[in-house]
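**Q** Got a structure for you, questions after.
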Amino acid sequence: MKLIFERGHEGQGCTVLPEPDVPEFHLETPGRELPLRLPHVSENEISRHYTELAGEVHGVNSGFYPLGSCTMKYNPKVNEVAAALPGFTGIHPLQPVGTVQGCLDVLKRAQELLCEITGMDDMTMQPAAGAHGEFTGLLLIKAYHESRGDKKRTKIIVPDSAHGTNPASAVMAGFEVVNIPSGADGCVDLDKLREAVGDDTAGLMLTNPNTVGLFDRNILEITSIVHKAGGLNYYDGANLNAIMGIARPGDMGFDVVHINLHKTFSTPHGGGGPGSGPVGCKAFLSDFLPGPQPVWDGDDLTLAMPPRSIGSVRTFYGNFLVVVKALTYIMILGRSGVADAARNAVLNANYMMRRLRDIYHMAFDDVCMHEFVMSLENMKHDWDVSAMDVAKALLDYGIHPPTMYFPLIVHEALMVEPTETESRETLDEAIAVFREIYELSQSDPERLRAAPSRTSIGRPDEVQAARKPVLRYAFPDGWK
Ligand SMILES: *Cc1c(COP(=O)(O)O)cnc(C)c1O
């Protein structure tokens, strides 16, 4: 496709700016040495340019997107309508609290509903993403131990199946990471956990259902081992899709949890758009939360810093409009709708898994939660068709590939998360595609190794792209 600089020509354009309503001001300081080169395109051409660009992208609105651990569900458009209301978009973060009672009410209600869903007592909406939530939650754990004069708790236990952000956040928060291997069933190995805990354990970070899509049946035992050793339990709730409205981290023995509004609670993500990673905690950690927090002052809401706050982790109140979307989503679904969404997410994943397990090898052939992991090790061995080849082939059928090569404990992994918002017809079509690709891996493996053939780029050199990114357009006339 043409770049915008390759469209239009000098003299063409569509800038119709209104007369300025303030005096013009010319900067004295030296400006650019070269004139700014902007594309000269008509409005029509611009519109075509962006429409064409949008067509290059695979989104939830263009097709099935079973990207495990990312929860690419359909985001109802009504969320956007709510977030675009002028009362939400036209405010300033420093406005007097008396003039933004409705917005504070949104924050408070979202906190209360999400606390109910997670089984927590209090929450901050400040963190801007899941990893940011992990960092914040770990600082709460640190502040708690320090407040008790317990200085030797410097270690965070992280299972080897954890999302990569877990150990990274622990290091960022100043902890040392202790990795523990998973058992053969993909769950926490209780003996290994017992060996790992001690009086230097600050806490455990865990995902349940874990990253192989299984609910750890020993969860109460796990959290109690950590508590008995004096540590706290951190729940990575980025993907709450399997349990929301059904099971609560707070009831499983967790003290701190983050959730990704931009996964479970239906806010568009991917492409780096704004996220939100609220952190919930049990009452004994409430005083350490970041602030300012919305609190009741008689019948009004006001903002206050928790007494022993770790400080702000982001400016103002987090990505407020993302919270508006999440609150809209939860309130429209209601109590039973939230639980139904979780049930359907689990049903859809199990349906796909069961319709594929006769040919694809499931890494853990058990009832799965919202996602399942297959291992293509046999296909790689027998026909030299890798998880990458299958992922690339799916693109030719208009399906976004599942998550590849994660979790690290499964070789040639493909992790499929269909989500609750896909119909049975879509799942059946995807199942048929997976089966066709399986047949091709024997009859025509070359085709899979050469896939994709219908996208504008096929297999970029990812290493080179990361090490030597070309971020600058070379104008044909040499202009720089
Ligand atoms: C996505 C995810 C995260 C990180 O969330 P970001 O918003 O991308 O920072 C953490 N843990 C798990 C299990 C995830 O799936």
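Chains: A, B, ... in order of the structure tokens. Residues: from 1 per chain. Ligands: from 1, in order shown.
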Write out as number ranges by chain all residues of stretch 112-147 of chain A that backbone DSSP assigns to helix (DSSP H, G or I).
**A** A: 112-118, 130-147
**Q** Please find the residues contacting ligand 1 at a distance of at most 7 Å between atoms, with only C-alpha atoms and all ligand atoms counted, and report them as a PyMOL selection string.
**A** chain A and resi 69-70+129-132+163+165-166+207+211+236-239+260+275+277
**Q** Take the residues from that selection and put them in a file with all heavy atoms, as a short mmCIF file (atom, residue, chain, number, x, y, z; two decimals), in the first residue's frame.
**A**
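Final file, result_2.cif:
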```
data_model
loop_
_atom_site.label_atom_id
_atom_site.label_comp_id
_atom_site.auth_asym_id
_atom_site.auth_seq_id
_atom_site.Cartn_x
_atom_site.Cartn_y
_atom_site.Cartn_z
N SER A 69 -4.61 -15.57 26.83
CA SER A 69 -4.12 -14.70 27.89
C SER A 69 -4.38 -13.22 27.59
O SER A 69 -3.98 -12.36 28.35
CB SER A 69 -2.61 -14.92 28.15
OG SER A 69 -2.29 -14.45 29.43
N CYS A 70 -5.01 -12.94 26.46
CA CYS A 70 -5.23 -11.53 26.11
C CYS A 70 -6.71 -11.15 26.09
O CYS A 70 -7.03 -9.96 26.05
CB CYS A 70 -4.60 -11.21 24.77
SG CYS A 70 -2.81 -11.28 24.86
N ALA A 129 -2.07 -0.18 33.69
CA ALA A 129 -2.03 -1.45 32.96
C ALA A 129 -1.83 -2.57 33.96
O ALA A 129 -1.62 -2.32 35.15
CB ALA A 129 -0.89 -1.44 31.95
N GLY A 130 -1.88 -3.80 33.45
CA GLY A 130 -1.72 -4.95 34.33
C GLY A 130 -0.37 -4.96 35.03
O GLY A 130 -0.28 -5.11 36.25
N ALA A 131 0.69 -4.79 34.25
CA ALA A 131 2.03 -4.84 34.84
C ALA A 131 2.21 -3.71 35.86
O ALA A 131 2.84 -3.89 36.90
CB ALA A 131 3.08 -4.73 33.74
N HIS A 132 1.62 -2.57 35.57
CA HIS A 132 1.68 -1.43 36.49
C HIS A 132 0.92 -1.78 37.79
O HIS A 132 1.35 -1.40 38.89
CB HIS A 132 1.05 -0.22 35.79
CG HIS A 132 1.33 1.09 36.44
ND1 HIS A 132 0.66 2.23 36.13
CD2 HIS A 132 2.21 1.44 37.40
CE1 HIS A 132 1.11 3.23 36.87
NE2 HIS A 132 2.06 2.77 37.64
N HIS A 163 3.12 -15.37 33.87
CA HIS A 163 3.24 -14.37 32.82
C HIS A 163 4.56 -13.61 33.06
O HIS A 163 4.92 -13.33 34.20
CB HIS A 163 2.06 -13.41 32.94
CG HIS A 163 1.87 -12.53 31.76
ND1 HIS A 163 2.44 -11.29 31.65
CD2 HIS A 163 1.16 -12.71 30.62
CE1 HIS A 163 2.08 -10.74 30.50
NE2 HIS A 163 1.30 -11.58 29.86
N THR A 165 5.44 -10.69 32.95
CA THR A 165 5.43 -9.44 33.72
C THR A 165 5.60 -9.70 35.21
O THR A 165 6.07 -8.81 35.93
CB THR A 165 4.10 -8.68 33.51
OG1 THR A 165 3.02 -9.58 33.73
CG2 THR A 165 4.00 -8.08 32.13
N ASN A 166 5.23 -10.89 35.71
CA ASN A 166 5.29 -11.15 37.16
C ASN A 166 6.71 -11.01 37.71
O ASN A 166 6.94 -10.18 38.60
CB ASN A 166 4.70 -12.51 37.52
CG ASN A 166 3.18 -12.56 37.37
OD1 ASN A 166 2.53 -13.52 37.77
ND2 ASN A 166 2.58 -11.54 36.77
N THR A 207 -1.39 -16.90 39.27
CA THR A 207 -2.56 -16.75 38.41
C THR A 207 -3.40 -17.99 38.59
O THR A 207 -2.86 -19.09 38.57
CB THR A 207 -2.10 -16.66 36.94
OG1 THR A 207 -1.11 -15.67 36.84
CG2 THR A 207 -3.22 -16.32 36.02
N THR A 211 -1.68 -20.11 33.71
CA THR A 211 -1.46 -19.80 32.30
C THR A 211 -1.60 -21.01 31.38
O THR A 211 -1.53 -20.86 30.18
CB THR A 211 -0.06 -19.18 32.07
OG1 THR A 211 0.89 -20.10 32.58
CG2 THR A 211 0.08 -17.85 32.76
N ASP A 236 -2.60 -12.51 40.25
CA ASP A 236 -2.56 -11.87 38.94
C ASP A 236 -3.92 -12.12 38.29
O ASP A 236 -4.17 -13.20 37.75
CB ASP A 236 -1.41 -12.46 38.10
CG ASP A 236 -1.37 -11.88 36.69
OD1 ASP A 236 -2.39 -11.32 36.24
OD2 ASP A 236 -0.32 -12.01 36.04
N GLY A 237 -4.78 -11.12 38.35
CA GLY A 237 -6.15 -11.28 37.83
C GLY A 237 -6.34 -10.61 36.48
O GLY A 237 -7.43 -10.14 36.18
N ALA A 238 -5.26 -10.57 35.68
CA ALA A 238 -5.38 -9.95 34.36
C ALA A 238 -6.53 -10.59 33.58
O ALA A 238 -7.27 -9.92 32.88
CB ALA A 238 -4.08 -10.10 33.59
N ASN A 239 -6.64 -11.90 33.69
CA ASN A 239 -7.70 -12.61 32.97
C ASN A 239 -8.69 -13.17 33.99
O ASN A 239 -8.49 -14.26 34.51
CB ASN A 239 -7.13 -13.75 32.15
CG ASN A 239 -5.84 -13.37 31.46
OD1 ASN A 239 -4.76 -13.70 31.93
ND2 ASN A 239 -5.95 -12.64 30.39
N ASN A 260 -7.28 -6.53 34.88
CA ASN A 260 -7.11 -5.74 33.67
C ASN A 260 -8.48 -5.36 33.13
O ASN A 260 -9.17 -6.21 32.56
CB ASN A 260 -6.35 -6.55 32.60
CG ASN A 260 -4.86 -6.55 32.80
OD1 ASN A 260 -4.37 -6.32 33.90
ND2 ASN A 260 -4.12 -6.80 31.73
N GLY A 275 -5.05 1.50 28.93
CA GLY A 275 -5.51 0.37 29.72
C GLY A 275 -5.83 0.83 31.12
O GLY A 275 -5.79 2.03 31.42
N GLY A 277 -5.34 -1.02 35.18
CA GLY A 277 -5.04 -2.20 36.00
C GLY A 277 -5.30 -1.97 37.48
O GLY A 277 -4.36 -1.97 38.28
#
```
**Q** Please provide the set of residues having any atom within 12 Å of A:Gly55, restricted to only C-alpha atoms, with same-chain residues fewer than 6 positions apart removed, written as an mmCIF file with C-alpha atoms, in the first residue's frame.
**A**
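Contents of around_22.cif, as written:
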```cif
data_model
loop_
_atom_site.group_PDB
_atom_site.id
_atom_site.type_symbol
_atom_site.label_atom_id
_atom_site.label_comp_id
_atom_site.auth_asym_id
_atom_site.auth_seq_id
_atom_site.Cartn_x
_atom_site.Cartn_y
_atom_site.Cartn_z
ATOM 1 C CA MET A 1 0.000 0.000 0.000
ATOM 2 C CA ARG A 48 -9.080 6.353 1.749
ATOM 3 C CA HIS A 49 -5.634 6.208 3.295
ATOM 4 C CA ASN A 61 -14.238 -6.338 14.613
ATOM 5 C CA SER A 62 -12.701 -8.057 11.587
ATOM 6 C CA GLY A 63 -12.573 -11.665 12.705
ATOM 7 C CA GLY A 398 -8.868 -14.648 8.430
ATOM 8 C CA THR A 455 -1.442 -10.747 3.916
ATOM 9 C CA SER A 456 0.639 -7.790 2.766
#
```
**Q** Please run DSSP on the backbone and report, as a PyMOL selection string, all residues within stretch 124-335 of chain A that come out as strand (DSSP E or B).
**A** chain A and resi 124+155-159+176-180+182+188+201-206+232-237+256-259+279-281+293-297+300-304
**Q** Rank nothing, just name the residue among A:Ala363, A:Met123, A:Val373, A:Leu204 nearest to A:Gly291, using only C-alpha atoms.
**A**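 Once distances to A:Gly291 are computed over only C-alpha atoms, the minimum belongs to A:Met123.
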**Q** I need the residue nearest A:Glu80 from this list: A:Thr328, A:Ser169, A:Thr223, A:Ser47. Use only C-alpha atoms for the distance.
**A**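 Among the listed residues, A:Thr328 lies closest to A:Glu80.
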**Q** Report, in Å to a single decimal, how far apart atom CA of A:Thr71 and atom CA of A:Thr264 are.
**A** 6.5 Å
**Q** Go through A:Ser375, A:Ser276, A:Thr124, A:Thr267 one by one, measure the shortest atom-to-atom distance of each to A:Leu408 using only C-alpha atoms, and give the residue with the smallest value.
**A**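 Smallest distance to A:Leu408 is found for A:Ser375.
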**Q** Neighbours of A:Ala202 within 6 Å (only C-alpha atoms; same-chain residues fewer than 3 positions away dropped), as a list in words?
**A**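 The filter keeps Arg153, Thr154, Lys155, Ile156 and Gly231 of chain A.
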**Q** Near stretch 339-356 of chain A, counting only C-alpha atoms, which residues have an atom at most 9 Å away, once you skip same-chain residues fewer than 2 positions from it, shown as an mmCIF file with C-alpha atoms, in the first residue's frame?
**A**
```
data_model
loop_
_atom_site.group_PDB
_atom_site.id
_atom_site.type_symbol
_atom_site.label_atom_id
_atom_site.label_comp_id
_atom_site.auth_asym_id
_atom_site.auth_seq_id
_atom_site.Cartn_x
_atom_site.Cartn_y
_atom_site.Cartn_z
ATOM 1 C CA LEU A 240 -10.715 -12.904 35.234
ATOM 2 C CA ASN A 241 -12.859 -14.193 32.415
ATOM 3 C CA ALA A 242 -13.228 -17.732 33.747
ATOM 4 C CA ILE A 243 -14.175 -16.854 37.301
ATOM 5 C CA MET A 244 -15.838 -13.461 37.458
ATOM 6 C CA GLY A 245 -19.114 -13.721 39.329
ATOM 7 C CA ILE A 246 -18.312 -17.345 40.240
ATOM 8 C CA LEU A 333 -24.511 -7.365 32.403
ATOM 9 C CA GLY A 334 -25.608 -7.264 36.040
ATOM 10 C CA ARG A 335 -24.812 -9.906 38.621
ATOM 11 C CA SER A 336 -26.112 -12.872 36.647
ATOM 12 C CA GLY A 337 -24.796 -11.560 33.323
ATOM 13 C CA ASP A 358 -8.457 -36.111 18.658
ATOM 14 C CA ILE A 359 -5.831 -34.611 16.328
ATOM 15 C CA TYR A 360 -4.075 -31.825 18.216
ATOM 16 C CA HIS A 361 -2.168 -32.772 21.336
ATOM 17 C CA MET A 362 -3.480 -30.914 24.375
ATOM 18 C CA ASP A 365 -5.935 -32.809 28.746
ATOM 19 C CA VAL A 367 -11.382 -29.638 31.818
ATOM 20 C CA CYS A 368 -10.001 -26.232 30.956
ATOM 21 C CA MET A 369 -11.092 -22.809 32.088
ATOM 22 C CA HIS A 370 -11.265 -19.889 29.645
ATOM 23 C CA GLU A 371 -8.341 -21.071 27.512
ATOM 24 C CA PHE A 372 -6.405 -24.183 26.577
ATOM 25 C CA VAL A 373 -2.877 -24.900 25.443
ATOM 26 C CA MET A 374 -1.893 -27.348 22.736
ATOM 27 C CA VAL A 416 -6.285 -20.571 22.443
ATOM 28 C CA GLU A 417 -8.775 -18.278 24.195
ATOM 29 C CA PRO A 418 -12.015 -18.056 22.230
ATOM 30 C CA THR A 419 -13.858 -15.778 24.758
ATOM 31 C CA GLU A 420 -17.572 -15.776 25.478
ATOM 32 C CA THR A 421 -18.470 -13.323 22.750
ATOM 33 C CA GLU A 422 -17.984 -15.794 19.881
ATOM 34 C CA SER A 423 -20.925 -17.740 18.508
ATOM 35 C CA ARG A 424 -21.019 -21.493 18.033
ATOM 36 C CA LEU A 427 -16.144 -21.679 16.763
ATOM 37 C CA ASP A 428 -17.240 -24.387 14.296
ATOM 38 C CA ALA A 430 -12.415 -22.081 13.366
ATOM 39 C CA ILE A 431 -12.421 -25.763 14.334
ATOM 40 C CA PHE A 434 -7.662 -25.990 12.475
ATOM 41 C CA ARG A 435 -8.581 -29.444 11.157
#
```
**Q** Select, from A:Thr315, A:Thr118, A:Gln293, A:Ser309, the residue with the minimum atom-to-atom distance to A:Ile259, counting only C-alpha atoms.
**A**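 Looking at the shortest contact to A:Ile259, the residue is A:Thr118.
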**Q** Excluding stretch 196-198 of chain A and residues on its chain fewer than 6 positions from it, collect all residues at most 9 Å away from it, counting only C-alpha atoms, and give them as a list in words.
**A** Arg153, Ile157, Val178, Asn179, Ile180, Ile225, Val226, Ala229, Gly230 and Gly231 of chain A
**Q** Which residues, written as a VMD selection string, have at least one atom at most 7 Å from A:Asp255, with only C-alpha atoms counted and residues fewer than 5 positions away on the same chain left out?
**A** chain A and resid 232 to 234 250 281 to 282
**Q** Of the candidates A:Val106, A:Ala413, A:Val463, A:Leu27, which shows the shortest atom-to-atom distance to A:Asn378, using only C-alpha atoms?
**A**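 Closest to A:Asn378 of all the choices is A:Ala413.
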**Q** Calculated over only C-alpha atoms, which of the candidates A:His400, A:Lys263, A:Arg449, A:His92 has the smallest distance to A:Phe320?
**A**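 Closest residue, counting only C-alpha atoms: A:His92.
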**Q** Could you work out how far atom CA of A:Ala162 lies from atom CA of A:Phe175, giving the answer in Å with one decimal?
**A**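 Atom CA of A:Ala162 lies 16.1 Å from atom CA of A:Phe175.
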**Q** What does the distance between atom CA of A:Glu146 and atom CA of A:Phe288 come to in Å, to one decimal place?
**A**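 About the pair atom CA of A:Glu146 and atom CA of A:Phe288: they are 11.2 Å apart.
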